[in-house]
$ cat query16.tsv   # TSV, C-alpha atoms and all ligand atoms
chain	number	residue	atom	x	y	z
A	232	MET	CA	14.73	15.00	-55.10
A	233	ARG	CA	10.95	15.61	-55.26
A	234	VAL	CA	10.09	18.85	-53.50
A	235	PHE	CA	6.40	19.70	-53.03
A	236	ALA	CA	5.16	23.20	-52.18
A	237	VAL	CA	1.66	23.65	-50.75
A	238	ALA	CA	0.17	26.81	-52.28
A	239	GLU	CA	-1.89	29.26	-50.26
A	240	ILE	CA	-4.97	31.06	-51.54
A	241	LYS	CA	-6.19	34.00	-49.52
A	242	PHE	CA	-9.12	36.32	-50.24
A	243	GLY	CA	-9.47	34.87	-53.74
A	244	GLU	CA	-5.81	35.48	-54.61
A	245	LEU	CA	-2.79	33.23	-54.87
A	246	ASP	CA	-0.63	34.35	-51.95
A	247	PRO	CA	2.87	35.34	-53.26
A	248	VAL	CA	4.40	33.08	-50.61
A	249	SER	CA	3.31	30.16	-52.84
A	250	ILE	CA	5.80	31.30	-55.50
A	251	GLU	CA	8.47	31.81	-52.84
A	252	LEU	CA	8.03	28.16	-51.80
A	253	LEU	CA	8.51	27.14	-55.43
A	254	ASN	CA	11.61	29.34	-55.74
A	255	LEU	CA	13.08	27.43	-52.81
A	256	ALA	CA	11.90	24.10	-54.27
A	257	ASN	CA	13.58	24.86	-57.60
A	258	SER	CA	16.83	25.85	-55.91
A	259	ILE	CA	17.12	22.57	-53.98
A	260	LYS	CA	15.51	19.99	-56.29
A	261	GLY	CA	18.77	19.05	-58.03
A	262	ASP	CA	17.85	16.77	-60.92
A	263	GLY	CA	14.44	16.14	-59.35
A	264	THR	CA	11.21	18.13	-59.54
A	265	ALA	CA	9.58	21.15	-57.92
A	266	GLU	CA	5.88	20.37	-57.59
A	267	ALA	CA	3.02	22.47	-56.27
A	268	VAL	CA	-0.22	21.41	-54.66
A	269	VAL	CA	-3.23	23.68	-54.86
A	270	ILE	CA	-6.37	22.92	-52.87
A	271	GLY	CA	-9.83	24.45	-53.29
A	272	ASN	CA	-12.77	24.71	-55.60
A	273	GLY	CA	-12.53	26.35	-59.02
A	274	ILE	CA	-8.75	26.59	-58.78
A	275	SER	CA	-7.62	26.20	-62.41
A	276	LYS	CA	-6.46	29.81	-62.67
A	277	TYR	CA	-4.22	29.39	-59.61
A	278	ALA	CA	-2.88	26.09	-60.95
A	279	GLU	CA	-1.98	27.75	-64.29
A	280	GLU	CA	-0.15	30.55	-62.49
A	281	LEU	CA	1.75	28.07	-60.29
A	282	ALA	CA	2.69	25.97	-63.33
A	283	LYS	CA	4.92	28.82	-64.52
A	284	TYR	CA	7.20	28.10	-61.56
A	285	ALA	CA	6.72	24.35	-61.06
A	286	ASP	CA	7.52	21.19	-63.00
A	287	ARG	CA	4.11	19.86	-62.02
A	288	VAL	CA	1.04	21.24	-60.26
A	289	TRP	CA	-1.38	18.91	-58.48
A	290	LYS	CA	-4.94	20.14	-58.28
A	291	ILE	CA	-7.08	18.88	-55.40
A	292	GLU	CA	-10.53	20.16	-56.10
A	293	ASP	CA	-13.85	19.68	-54.31
A	294	SER	CA	-16.76	21.88	-53.27
A	295	SER	CA	-16.01	21.04	-49.61
A	296	LEU	CA	-12.54	22.57	-50.11
A	297	GLU	CA	-13.91	25.98	-51.10
A	298	ASN	CA	-12.70	27.41	-47.79
A	299	TYR	CA	-9.63	26.48	-45.77
A	300	ASN	CA	-10.18	23.74	-43.23
A	301	PRO	CA	-7.12	22.25	-41.49
A	302	GLU	CA	-8.66	18.79	-41.06
A	303	LEU	CA	-9.50	18.52	-44.76
A	304	TYR	CA	-6.07	19.87	-45.76
A	305	VAL	CA	-4.31	17.22	-43.65
A	306	ASP	CA	-6.62	14.56	-45.05
A	307	VAL	CA	-6.18	15.33	-48.77
A	308	LEU	CA	-2.48	16.19	-48.52
A	309	SER	CA	-1.66	13.00	-46.65
A	310	GLN	CA	-3.54	11.01	-49.31
A	311	LEU	CA	-1.46	12.66	-52.05
A	312	PHE	CA	1.86	12.38	-50.24
A	313	SER	CA	1.32	8.74	-49.24
A	314	LYS	CA	0.99	8.04	-52.96
A	315	GLU	CA	3.60	10.40	-54.41
A	316	LYS	CA	6.18	10.14	-51.62
A	317	PRO	CA	7.88	13.54	-51.80
A	318	ASP	CA	11.28	13.95	-50.17
A	319	ILE	CA	10.47	17.43	-48.97
A	320	VAL	CA	7.18	19.24	-48.32
A	321	LEU	CA	7.28	23.04	-48.06
A	322	VAL	CA	4.47	24.94	-46.37
A	323	ALA	CA	4.25	28.70	-45.68
A	324	ASN	CA	5.00	29.68	-42.10
A	325	SER	CA	1.67	31.50	-42.08
A	326	SER	CA	-1.11	31.10	-39.54
A	327	ARG	CA	-2.61	28.37	-41.76
A	328	GLY	CA	0.69	26.63	-42.43
A	329	SER	CA	1.62	26.72	-38.76
A	330	GLU	CA	-1.72	25.13	-38.00
A	331	PHE	CA	-1.82	22.23	-40.44
A	332	ALA	CA	1.88	21.41	-41.11
A	333	PRO	CA	2.59	19.74	-37.73
A	334	ALA	CA	-0.63	17.70	-37.98
A	335	LEU	CA	0.29	16.70	-41.54
A	336	ALA	CA	3.79	15.65	-40.43
A	337	THR	CA	2.32	13.58	-37.61
A	338	LYS	CA	-0.03	11.85	-40.05
A	339	LEU	CA	2.90	11.10	-42.39
A	340	ASN	CA	5.13	10.09	-39.49
A	341	ALA	CA	7.57	12.70	-40.78
A	342	PRO	CA	9.79	15.25	-39.00
A	343	VAL	CA	8.67	18.89	-39.12
A	344	ILE	CA	10.90	21.95	-38.78
A	345	THR	CA	9.15	25.30	-38.55
A	346	ASP	CA	9.96	28.85	-39.67
A	347	ILE	CA	13.06	27.96	-41.65
A	348	VAL	CA	15.10	30.66	-43.41
A	349	GLY	CA	17.43	28.31	-45.29
A	350	LEU	CA	17.40	24.77	-46.70
A	351	ASP	CA	20.43	23.01	-48.15
A	352	THR	CA	20.23	19.60	-49.82
A	353	SER	CA	23.78	19.37	-51.19
A	354	ASN	CA	24.85	16.93	-48.48
A	355	GLY	CA	21.82	15.47	-46.72
A	356	ILE	CA	19.03	17.85	-45.68
A	357	LYS	CA	20.08	20.83	-43.56
A	358	ALA	CA	17.55	23.46	-42.47
A	359	THR	CA	18.45	26.83	-40.96
A	360	ARG	CA	16.24	28.64	-38.45
A	361	TYR	CA	16.44	31.06	-35.56
A	362	ILE	CA	16.08	29.88	-31.97
A	363	PHE	CA	15.72	31.65	-28.60
A	364	GLN	CA	13.66	34.47	-30.11
A	365	GLY	CA	16.26	35.15	-32.76
A	366	LYS	CA	19.35	35.19	-30.56
A	367	LEU	CA	20.91	32.20	-32.35
A	368	LEU	CA	20.84	30.92	-35.91
A	369	VAL	CA	21.13	27.12	-36.02
A	370	ASP	CA	21.51	24.47	-38.70
A	371	ILE	CA	19.38	21.38	-38.18
A	372	LEU	CA	20.29	18.15	-39.94
A	373	VAL	CA	17.32	16.00	-40.86
A	374	LYS	CA	17.87	12.26	-40.68
A	375	ASP	CA	17.40	10.41	-43.92
A	376	GLY	CA	13.81	9.36	-44.07
A	377	ASP	CA	10.84	9.21	-46.36
A	378	THR	CA	9.37	12.71	-46.21
A	379	SER	CA	10.31	15.83	-44.23
A	380	VAL	CA	7.99	18.80	-43.70
A	381	PHE	CA	9.19	22.41	-43.38
A	382	THR	CA	7.35	25.67	-42.81
A	383	VAL	CA	9.17	28.50	-44.56
A	384	ARG	CA	9.46	32.13	-43.46
A	385	GLN	CA	7.79	34.51	-45.87
A	386	GLY	CA	9.89	37.05	-47.78
A	387	VAL	CA	13.15	35.05	-47.76
A	388	PHE	CA	12.99	33.25	-51.11
A	389	LYS	CA	11.74	35.96	-53.41
A	390	GLU	CA	14.12	35.33	-56.30
A	391	GLY	CA	13.54	32.56	-58.77
A	392	SER	CA	12.91	31.91	-62.39
A	393	GLU	CA	10.08	30.47	-64.41
A	394	VAL	CA	10.05	26.73	-65.14
A	395	GLY	CA	6.89	26.05	-67.14
A	396	GLY	CA	5.32	22.79	-66.01
A	397	GLU	CA	2.10	20.81	-66.34
A	398	VAL	CA	-1.13	20.80	-64.34
A	399	VAL	CA	-2.56	17.46	-63.29
A	400	ASP	CA	-5.72	16.56	-61.45
A	401	ALA	CA	-4.73	14.61	-58.33
A	402	GLY	CA	-8.10	12.83	-58.36
A	403	ILE	CA	-8.27	13.09	-54.58
A	404	LYS	CA	-11.41	13.81	-52.57
A	405	PRO	CA	-11.77	14.42	-48.82
A	406	SER	CA	-12.31	11.19	-46.90
A	407	VAL	CA	-13.25	12.63	-43.51
A	408	THR	CA	-16.07	14.74	-42.10
A	409	PRO	CA	-14.36	17.63	-40.31
A	410	LYS	CA	-15.32	18.48	-36.73
A	411	ARG	CA	-14.84	22.18	-37.47
A	412	GLU	CA	-16.71	24.07	-40.09
A	413	PHE	CA	-16.00	27.33	-41.90
A	414	SER	CA	-17.97	30.29	-40.58
A	415	GLN	CA	-16.63	33.53	-42.07
A	416	ILE	CA	-13.61	35.36	-43.42
A	417	ILE	CA	-12.67	38.52	-41.57
A	418	GLU	CA	-10.85	40.73	-44.06
A	419	PRO	CA	-7.93	42.87	-42.89
A	420	GLU	CA	-8.80	46.50	-42.26
A	421	VAL	CA	-8.48	48.83	-45.22
A	422	GLY	CA	-5.03	50.40	-45.23
A	423	GLU	CA	-3.29	47.34	-43.80
A	424	VAL	CA	-0.14	46.70	-45.77
A	425	ASP	CA	2.12	43.72	-46.21
A	426	ILE	CA	5.65	45.15	-45.94
A	427	SER	CA	7.18	41.87	-47.13
A	428	GLN	CA	5.69	42.54	-50.59
A	429	ALA	CA	6.51	46.26	-50.81
A	430	ASP	CA	8.99	47.61	-53.38
A	431	ILE	CA	9.81	50.77	-51.46
A	432	ILE	CA	10.09	50.88	-47.68
A	433	VAL	CA	10.71	53.94	-45.55
A	434	SER	CA	11.77	52.46	-42.24
A	435	VAL	CA	12.06	54.42	-39.03
A	436	GLY	CA	14.00	53.70	-35.87
A	437	ARG	CA	14.17	55.12	-32.38
A	438	GLY	CA	15.71	58.24	-33.94
A	439	ILE	CA	12.19	59.28	-34.98
A	440	GLU	CA	11.69	60.07	-31.28
A	441	ASP	CA	7.91	60.17	-31.04
A	442	ALA	CA	4.68	58.82	-32.55
A	443	SER	CA	3.79	62.27	-33.85
A	444	ASN	CA	6.89	62.25	-36.07
A	445	ILE	CA	5.82	59.09	-37.96
A	446	GLU	CA	3.89	61.49	-40.19
A	447	LEU	CA	7.23	62.69	-41.55
A	448	ALA	CA	8.07	59.16	-42.73
A	449	GLU	CA	4.56	58.77	-44.15
A	450	GLU	CA	4.99	61.92	-46.22
A	451	LEU	CA	8.25	60.58	-47.62
A	452	ALA	CA	6.69	57.16	-48.28
A	453	ASP	CA	3.77	58.84	-50.06
A	454	ALA	CA	6.13	60.91	-52.22
A	455	LEU	CA	8.09	57.76	-53.14
A	456	GLY	CA	5.07	55.48	-53.54
A	457	GLY	CA	6.22	53.26	-50.68
A	458	VAL	CA	5.15	52.08	-47.24
A	459	VAL	CA	6.34	52.83	-43.72
A	460	ALA	CA	7.96	50.18	-41.53
A	461	GLY	CA	10.03	50.32	-38.37
A	462	SER	CA	12.57	48.81	-36.02
A	463	ARG	CA	11.46	46.98	-32.90
A	464	PRO	CA	11.60	49.92	-30.45
A	465	VAL	CA	9.20	51.81	-32.72
A	466	ILE	CA	6.77	48.91	-32.69
A	467	ASP	CA	7.24	48.23	-28.95
A	468	SER	CA	6.42	51.90	-28.30
A	469	GLY	CA	3.17	51.46	-30.23
A	470	TRP	CA	4.10	54.07	-32.85
A	471	LEU	CA	3.52	51.54	-35.66
A	472	PRO	CA	1.56	48.26	-35.67
A	473	LYS	CA	3.38	44.96	-35.10
A	474	ASP	CA	3.01	43.86	-38.73
A	475	ARG	CA	5.31	46.74	-39.75
A	476	GLN	CA	8.30	45.44	-37.78
A	477	VAL	CA	11.40	44.54	-39.78
A	478	GLY	CA	13.84	42.04	-38.31
A	479	ILE	CA	14.22	38.58	-36.93
A	480	SER	CA	11.23	38.86	-34.63
A	481	GLY	CA	9.34	40.82	-37.29
A	482	LYS	CA	9.26	40.43	-41.06
A	483	THR	CA	11.96	39.77	-43.63
A	484	VAL	CA	11.81	42.31	-46.44
A	485	LYS	CA	13.55	42.55	-49.81
A	486	PRO	CA	12.32	45.78	-51.39
A	487	LYS	CA	13.94	47.55	-54.33
A	488	LEU	CA	14.64	50.49	-51.96
A	489	TYR	CA	15.03	50.38	-48.17
A	490	LEU	CA	15.42	53.77	-46.59
A	491	ALA	CA	16.60	53.45	-42.97
A	492	LEU	CA	15.92	56.60	-40.94
A	493	GLY	CA	17.40	56.84	-37.46
A	494	ILE	CA	18.03	53.10	-37.24
A	495	SER	CA	21.33	52.05	-35.62
A	496	GLY	CA	21.61	48.70	-37.44
A	497	ALA	CA	21.50	46.05	-34.71
A	498	PHE	CA	22.00	42.59	-36.21
A	499	GLN	CA	18.42	41.62	-35.30
A	500	HIS	CA	17.26	44.42	-37.61
A	501	ILE	CA	19.88	43.86	-40.32
A	502	MET	CA	18.88	40.20	-40.69
A	503	GLY	CA	15.42	41.31	-41.78
A	504	MET	CA	16.47	43.80	-44.49
A	505	LYS	CA	20.05	43.12	-45.61
A	506	ASP	CA	18.98	41.57	-48.92
A	507	SER	CA	17.13	44.69	-50.07
A	508	GLU	CA	18.26	45.75	-53.55
A	509	LEU	CA	19.29	49.26	-52.47
A	510	ILE	CA	19.77	50.42	-48.90
A	511	ILE	CA	20.09	54.10	-48.04
A	512	ALA	CA	20.66	55.04	-44.41
A	513	VAL	CA	20.30	58.37	-42.64
A	514	ASN	CA	21.83	58.54	-39.19
A	515	LYS	CA	23.51	61.29	-37.23
A	516	ASP	CA	26.11	58.88	-35.86
A	517	PRO	CA	28.83	58.23	-38.49
A	518	GLU	CA	29.78	55.03	-36.64
A	519	ALA	CA	26.26	53.53	-36.78
A	520	PRO	CA	26.48	49.88	-37.96
A	521	ILE	CA	23.65	50.49	-40.47
A	522	PHE	CA	26.25	52.19	-42.70
A	523	GLY	CA	27.98	48.80	-42.95
A	524	VAL	CA	25.10	47.37	-45.02
A	525	ALA	CA	23.94	50.57	-46.77
A	526	GLN	CA	25.07	51.32	-50.33
A	527	TYR	CA	24.52	55.03	-49.65
A	528	GLY	CA	24.77	56.74	-46.28
A	529	ILE	CA	23.87	60.24	-45.17
A	530	VAL	CA	25.36	61.36	-41.86
A	531	GLY	CA	22.86	63.89	-40.65
A	532	ASP	CA	19.66	64.69	-38.82
A	533	ILE	CA	16.53	63.00	-40.19
A	534	PHE	CA	14.45	66.01	-39.14
A	535	GLU	CA	16.43	68.15	-41.58
A	536	ILE	CA	17.00	65.60	-44.34
A	537	VAL	CA	13.55	64.03	-44.62
A	538	PRO	CA	11.58	67.31	-45.08
A	539	ALA	CA	14.18	68.43	-47.66
A	540	LEU	CA	13.80	65.11	-49.50
A	541	VAL	CA	9.99	65.36	-49.48
A	542	ASP	CA	10.17	68.95	-50.84
A	543	LYS	CA	12.57	67.89	-53.57
A	544	LEU	CA	10.44	64.90	-54.60
A	545	ARG	CA	7.30	67.04	-54.74
A	546	GLU	CA	9.18	69.62	-56.80
A	547	ILE	CA	10.34	66.93	-59.26
A	548	LYS	CA	6.82	65.51	-59.52
A	549	GLY	CA	5.40	69.00	-60.01
B	1	LIG	C1	15.49	38.53	-29.22
B	1	LIG	C2	15.54	39.88	-29.88
B	1	LIG	C3	14.86	40.08	-31.06
B	1	LIG	C4	14.89	41.33	-31.68
B	1	LIG	N1	14.23	41.50	-32.86
B	1	LIG	C5	14.31	42.70	-33.48
B	1	LIG	C6	13.67	42.90	-34.74
B	1	LIG	O1	12.99	42.00	-35.28
B	1	LIG	N2	13.80	44.10	-35.33
B	1	LIG	C7	14.52	45.14	-34.78
B	1	LIG	O2	14.59	46.21	-35.37
B	1	LIG	N3	15.12	44.97	-33.59
B	1	LIG	C8	15.03	43.79	-32.94
B	1	LIG	N4	15.62	43.65	-31.72
B	1	LIG	C9	16.17	44.86	-31.06
B	1	LIG	C10	17.56	45.21	-31.55
B	1	LIG	O3	18.53	44.54	-30.77
B	1	LIG	C11	17.81	46.72	-31.39
B	1	LIG	O4	17.60	47.10	-30.05
B	1	LIG	C12	16.91	47.57	-32.28
B	1	LIG	O5	16.98	47.12	-33.62
B	1	LIG	C13	17.35	49.02	-32.22
B	1	LIG	O6	16.44	49.79	-32.90
B	1	LIG	P1	16.83	51.22	-33.45
B	1	LIG	O7	17.96	51.10	-34.38
B	1	LIG	O8	15.59	51.87	-33.92
B	1	LIG	O9	17.22	52.01	-32.10
B	1	LIG	P2	18.65	52.44	-31.57
B	1	LIG	O10	19.60	51.30	-31.54
B	1	LIG	O11	18.40	53.17	-30.31
B	1	LIG	O12	19.18	53.45	-32.68
B	1	LIG	C14	18.62	54.70	-32.92
B	1	LIG	C15	19.53	55.35	-33.98
B	1	LIG	O13	18.96	56.59	-34.38
B	1	LIG	C16	20.02	57.52	-34.57
B	1	LIG	N5	19.38	58.83	-34.43
B	1	LIG	C17	18.82	59.37	-33.31
B	1	LIG	N6	18.30	60.58	-33.60
B	1	LIG	C18	18.54	60.81	-34.90
B	1	LIG	C19	18.25	61.88	-35.79
B	1	LIG	N7	17.57	62.97	-35.37
B	1	LIG	N8	18.67	61.81	-37.07
B	1	LIG	C20	19.37	60.74	-37.52
B	1	LIG	N9	19.65	59.68	-36.73
B	1	LIG	C21	19.25	59.72	-35.44
B	1	LIG	C22	21.03	57.19	-33.50
B	1	LIG	O14	22.31	57.66	-33.89
B	1	LIG	C23	20.94	55.66	-33.47
B	1	LIG	O15	21.88	55.09	-34.34
B	1	LIG	C24	15.61	42.40	-31.10
B	1	LIG	C25	16.30	42.18	-29.90
B	1	LIG	C26	16.26	40.94	-29.29
B	1	LIG	C27	17.01	40.73	-28.01

$ encode --input "query16.tsv" --output "structure tokens" --more "lines below"
Ligand SMILES: Cc1cc2nc3c(=O)[nH]c(=O)nc-3n(C[C@H](O)[C@H](O)[C@H](O)COP(=O)(O)OP(=O)(O)OC[C@H]3O[C@@H](n4cnc5c(N)ncnc54)[C@H](O)[C@@H]3O)c2cc1C
Amino acid sequence: MRVFAVAEIKFGELDPVSIELLNLANSIKGDGTAEAVVIGNGISKYAEELAKYADRVWKIEDSSLENYNPELYVDVLSQLFSKEKPDIVLVANSSRGSEFAPALATKLNAPVITDIVGLDTSNGIKATRYIFQGKLLVDILVKDGDTSVFTVRQGVFKEGSEVGGEVVDAGIKPSVTPKREFSQIIEPEVGEVDISQADIIVSVGRGIEDASNIELAEELADALGGVVAGSRPVIDSGWLPKDRQVGISGKTVKPKLYLALGISGAFQHIMGMKDSELIIAVNKDPEAPIFGVAQYGIVGDIFEIVPALVDKLREIKG
């Protein structure tokens, strides 16, 4: 099976989701190939990085591709795919991917399934995704066809190994004049964090009680060198921004350490953090479901335990 992953470059950096797409591609390619496509201008350094994880990297380079433009992406990708005929095309379920993937699929006359969290090719092509705002997890069988397009949820396919492939110039140039043109990049505000890439997450639930208590979690996160995230009620209450929400309607995270403070462990939350390397939960209810997924559990009051932990960490650090 030939599986192609469309890389994403943001703010002059290769977005880590590009490697996640290749991890998925490598896990499903069977005796086929995992191939990456990188689009832009002056993109050799990204292609070299991608080649560590791909059997082949296709470079599509042109000065008009310096900045992202959905019309040009659809144009150059459809030229490449009409020639190379991949079985599967993986695109990040990012704002860009969500914009161009359906248009690309239409151009290729291919099916598109968005925001997948699983893809199995052992017996046909079966994609897994949530429906009804995360209430149900469904498997979708894709009919045998030429090419299928999938957008993939970020943070789900973090594990993979290096492959070591080649970089080739696709020799493709844009063939259309886009109706839209690039105007400017608006950078995220300083201090904005991407919890899906964090190694240490201090996550707070309704047990934190009030916005003013978030500071407690921030102190612990600072002492540990981590970031603060939260369950949905915390985000719905406006105590943390939306991009800090963990769970099926938030982000999927896989940190080395996930510290759950005053989080009950509803399945909608668990689905977003269960694959963390180490989960430690603090909850005053010994029956809280979060203890079912935690390797270590502390039954107690976060307002006593967290300050004691912060003091201890500061003492250790001197
Ligand atoms: C369609 C849909 C999508 C959803 N998506 C998400 C999602 O993406 N992410 C998400 O998180 N939820 C999601 N939810 C909500 C989810 O069902 C739960 O309601 C939510 O996860 C509960 O959050 P919580 O654990 O913070 O609050 P609660 O369930 O109220 O739990 C609070 C916990 O804090 C403990 N506690 C209270 N005070 C203290 C204290 N002082 N010390 C120690 N422990 C204390 C309590 O014992 C309790 O276990 C979704 C729901 C629906 C219907």

$ residues_near_ligand --input "query16.tsv" --ligand "ligand LIG 1 (chain B)" --cutoff "6 Å" --atoms "only C-alpha atoms and all ligand atoms" --output "PyMOL selection string"
chain A and resi 364-366+436-438+462-464+477-481+493-497+499-500+513-516+519+531-534

$ closest_atom_pairs --input "query16.tsv" --of "region 422-503 of chain A" --to "region 232-256 of chain A" --cutoff "12 Å" --atoms "all atoms listed in the file" --output "tab-separated table"
residue	atom	partner	partner_atom	distance
A:Asp425	CA	A:Pro247	CA	11.0
A:Ser427	CA	A:Val248	CA	9.9
A:Gln428	CA	A:Pro247	CA	8.2
A:Ala429	CA	A:Pro247	CA	11.8

$ atom_distance --input "query16.tsv" --atom1 "CA of Val322 (chain A)" --atom2 "CA of Asp351 (chain A)"
16.2 Å

$ closest_residue --input "query16.tsv" --among "A:Gly273, A:Gly263, A:Pro342, A:Gly461" --to "Val484 (chain A)" --atoms "all atoms listed in the file"
A:Gly461

$ atom_distance --input "query16.tsv" --atom1 "CA of Pro472 (chain A)" --atom2 "CA of Glu418 (chain A)"
16.8 Å

$ closest_residue --input "query16.tsv" --among "A:Gly391, A:Gly456, A:Gly402, A:Gly528" --to "Ile291 (chain A)" --atoms "only C-alpha atoms"
A:Gly402

$ closest_residue --input "query16.tsv" --among "A:Ile536, A:Ile501, A:Val387, A:Ile432" --to "Leu488 (chain A)" --atoms "all atoms listed in the file"
A:Ile432

$ build_atoms --input "query16.tsv" --residues "region 450-465 of chain A" --atoms "N, CA and C atoms" --output "PDB file, in the coordinates of the input"
ATOM      1  N   GLU A 450       4.936  60.959 -45.106  1.00  0.00           N
ATOM      2  CA  GLU A 450       4.990  61.920 -46.220  1.00  0.00           C
ATOM      3  C   GLU A 450       6.046  61.483 -47.235  1.00  0.00           C
ATOM      4  N   LEU A 451       7.186  61.029 -46.719  1.00  0.00           N
ATOM      5  CA  LEU A 451       8.250  60.580 -47.620  1.00  0.00           C
ATOM      6  C   LEU A 451       7.813  59.314 -48.377  1.00  0.00           C
ATOM      7  N   ALA A 452       7.171  58.389 -47.642  1.00  0.00           N
ATOM      8  CA  ALA A 452       6.690  57.160 -48.280  1.00  0.00           C
ATOM      9  C   ALA A 452       5.665  57.484 -49.363  1.00  0.00           C
ATOM     10  N   ASP A 453       4.785  58.426 -49.075  1.00  0.00           N
ATOM     11  CA  ASP A 453       3.770  58.840 -50.060  1.00  0.00           C
ATOM     12  C   ASP A 453       4.448  59.403 -51.302  1.00  0.00           C
ATOM     13  N   ALA A 454       5.437  60.266 -51.088  1.00  0.00           N
ATOM     14  CA  ALA A 454       6.130  60.910 -52.220  1.00  0.00           C
ATOM     15  C   ALA A 454       6.878  59.878 -53.058  1.00  0.00           C
ATOM     16  N   LEU A 455       7.323  58.798 -52.408  1.00  0.00           N
ATOM     17  CA  LEU A 455       8.090  57.760 -53.140  1.00  0.00           C
ATOM     18  C   LEU A 455       7.197  56.630 -53.646  1.00  0.00           C
ATOM     19  N   GLY A 456       5.969  56.597 -53.180  1.00  0.00           N
ATOM     20  CA  GLY A 456       5.070  55.480 -53.540  1.00  0.00           C
ATOM     21  C   GLY A 456       5.408  54.231 -52.744  1.00  0.00           C
ATOM     22  N   GLY A 457       5.836  54.419 -51.506  1.00  0.00           N
ATOM     23  CA  GLY A 457       6.220  53.260 -50.680  1.00  0.00           C
ATOM     24  C   GLY A 457       5.383  53.143 -49.420  1.00  0.00           C
ATOM     25  N   VAL A 458       5.855  52.292 -48.507  1.00  0.00           N
ATOM     26  CA  VAL A 458       5.150  52.080 -47.240  1.00  0.00           C
ATOM     27  C   VAL A 458       6.109  52.325 -46.079  1.00  0.00           C
ATOM     28  N   VAL A 459       5.520  52.562 -44.909  1.00  0.00           N
ATOM     29  CA  VAL A 459       6.340  52.830 -43.720  1.00  0.00           C
ATOM     30  C   VAL A 459       6.472  51.568 -42.872  1.00  0.00           C
ATOM     31  N   ALA A 460       7.713  51.297 -42.447  1.00  0.00           N
ATOM     32  CA  ALA A 460       7.960  50.180 -41.530  1.00  0.00           C
ATOM     33  C   ALA A 460       8.832  50.715 -40.396  1.00  0.00           C
ATOM     34  N   GLY A 461       9.234  49.822 -39.481  1.00  0.00           N
ATOM     35  CA  GLY A 461      10.030  50.320 -38.370  1.00  0.00           C
ATOM     36  C   GLY A 461      10.864  49.257 -37.696  1.00  0.00           C
ATOM     37  N   SER A 462      11.764  49.734 -36.848  1.00  0.00           N
ATOM     38  CA  SER A 462      12.570  48.810 -36.020  1.00  0.00           C
ATOM     39  C   SER A 462      11.741  48.445 -34.785  1.00  0.00           C
ATOM     40  N   ARG A 463      12.248  47.512 -34.035  1.00  0.00           N
ATOM     41  CA  ARG A 463      11.460  46.980 -32.900  1.00  0.00           C
ATOM     42  C   ARG A 463      11.081  48.040 -31.852  1.00  0.00           C
ATOM     43  N   PRO A 464      12.017  48.937 -31.460  1.00  0.00           N
ATOM     44  CA  PRO A 464      11.600  49.920 -30.450  1.00  0.00           C
ATOM     45  C   PRO A 464      10.400  50.758 -30.898  1.00  0.00           C
ATOM     46  N   VAL A 465      10.315  51.016 -32.197  1.00  0.00           N
ATOM     47  CA  VAL A 465       9.200  51.810 -32.720  1.00  0.00           C
ATOM     48  C   VAL A 465       7.892  51.037 -32.574  1.00  0.00           C
TER      49      VAL A 465
END
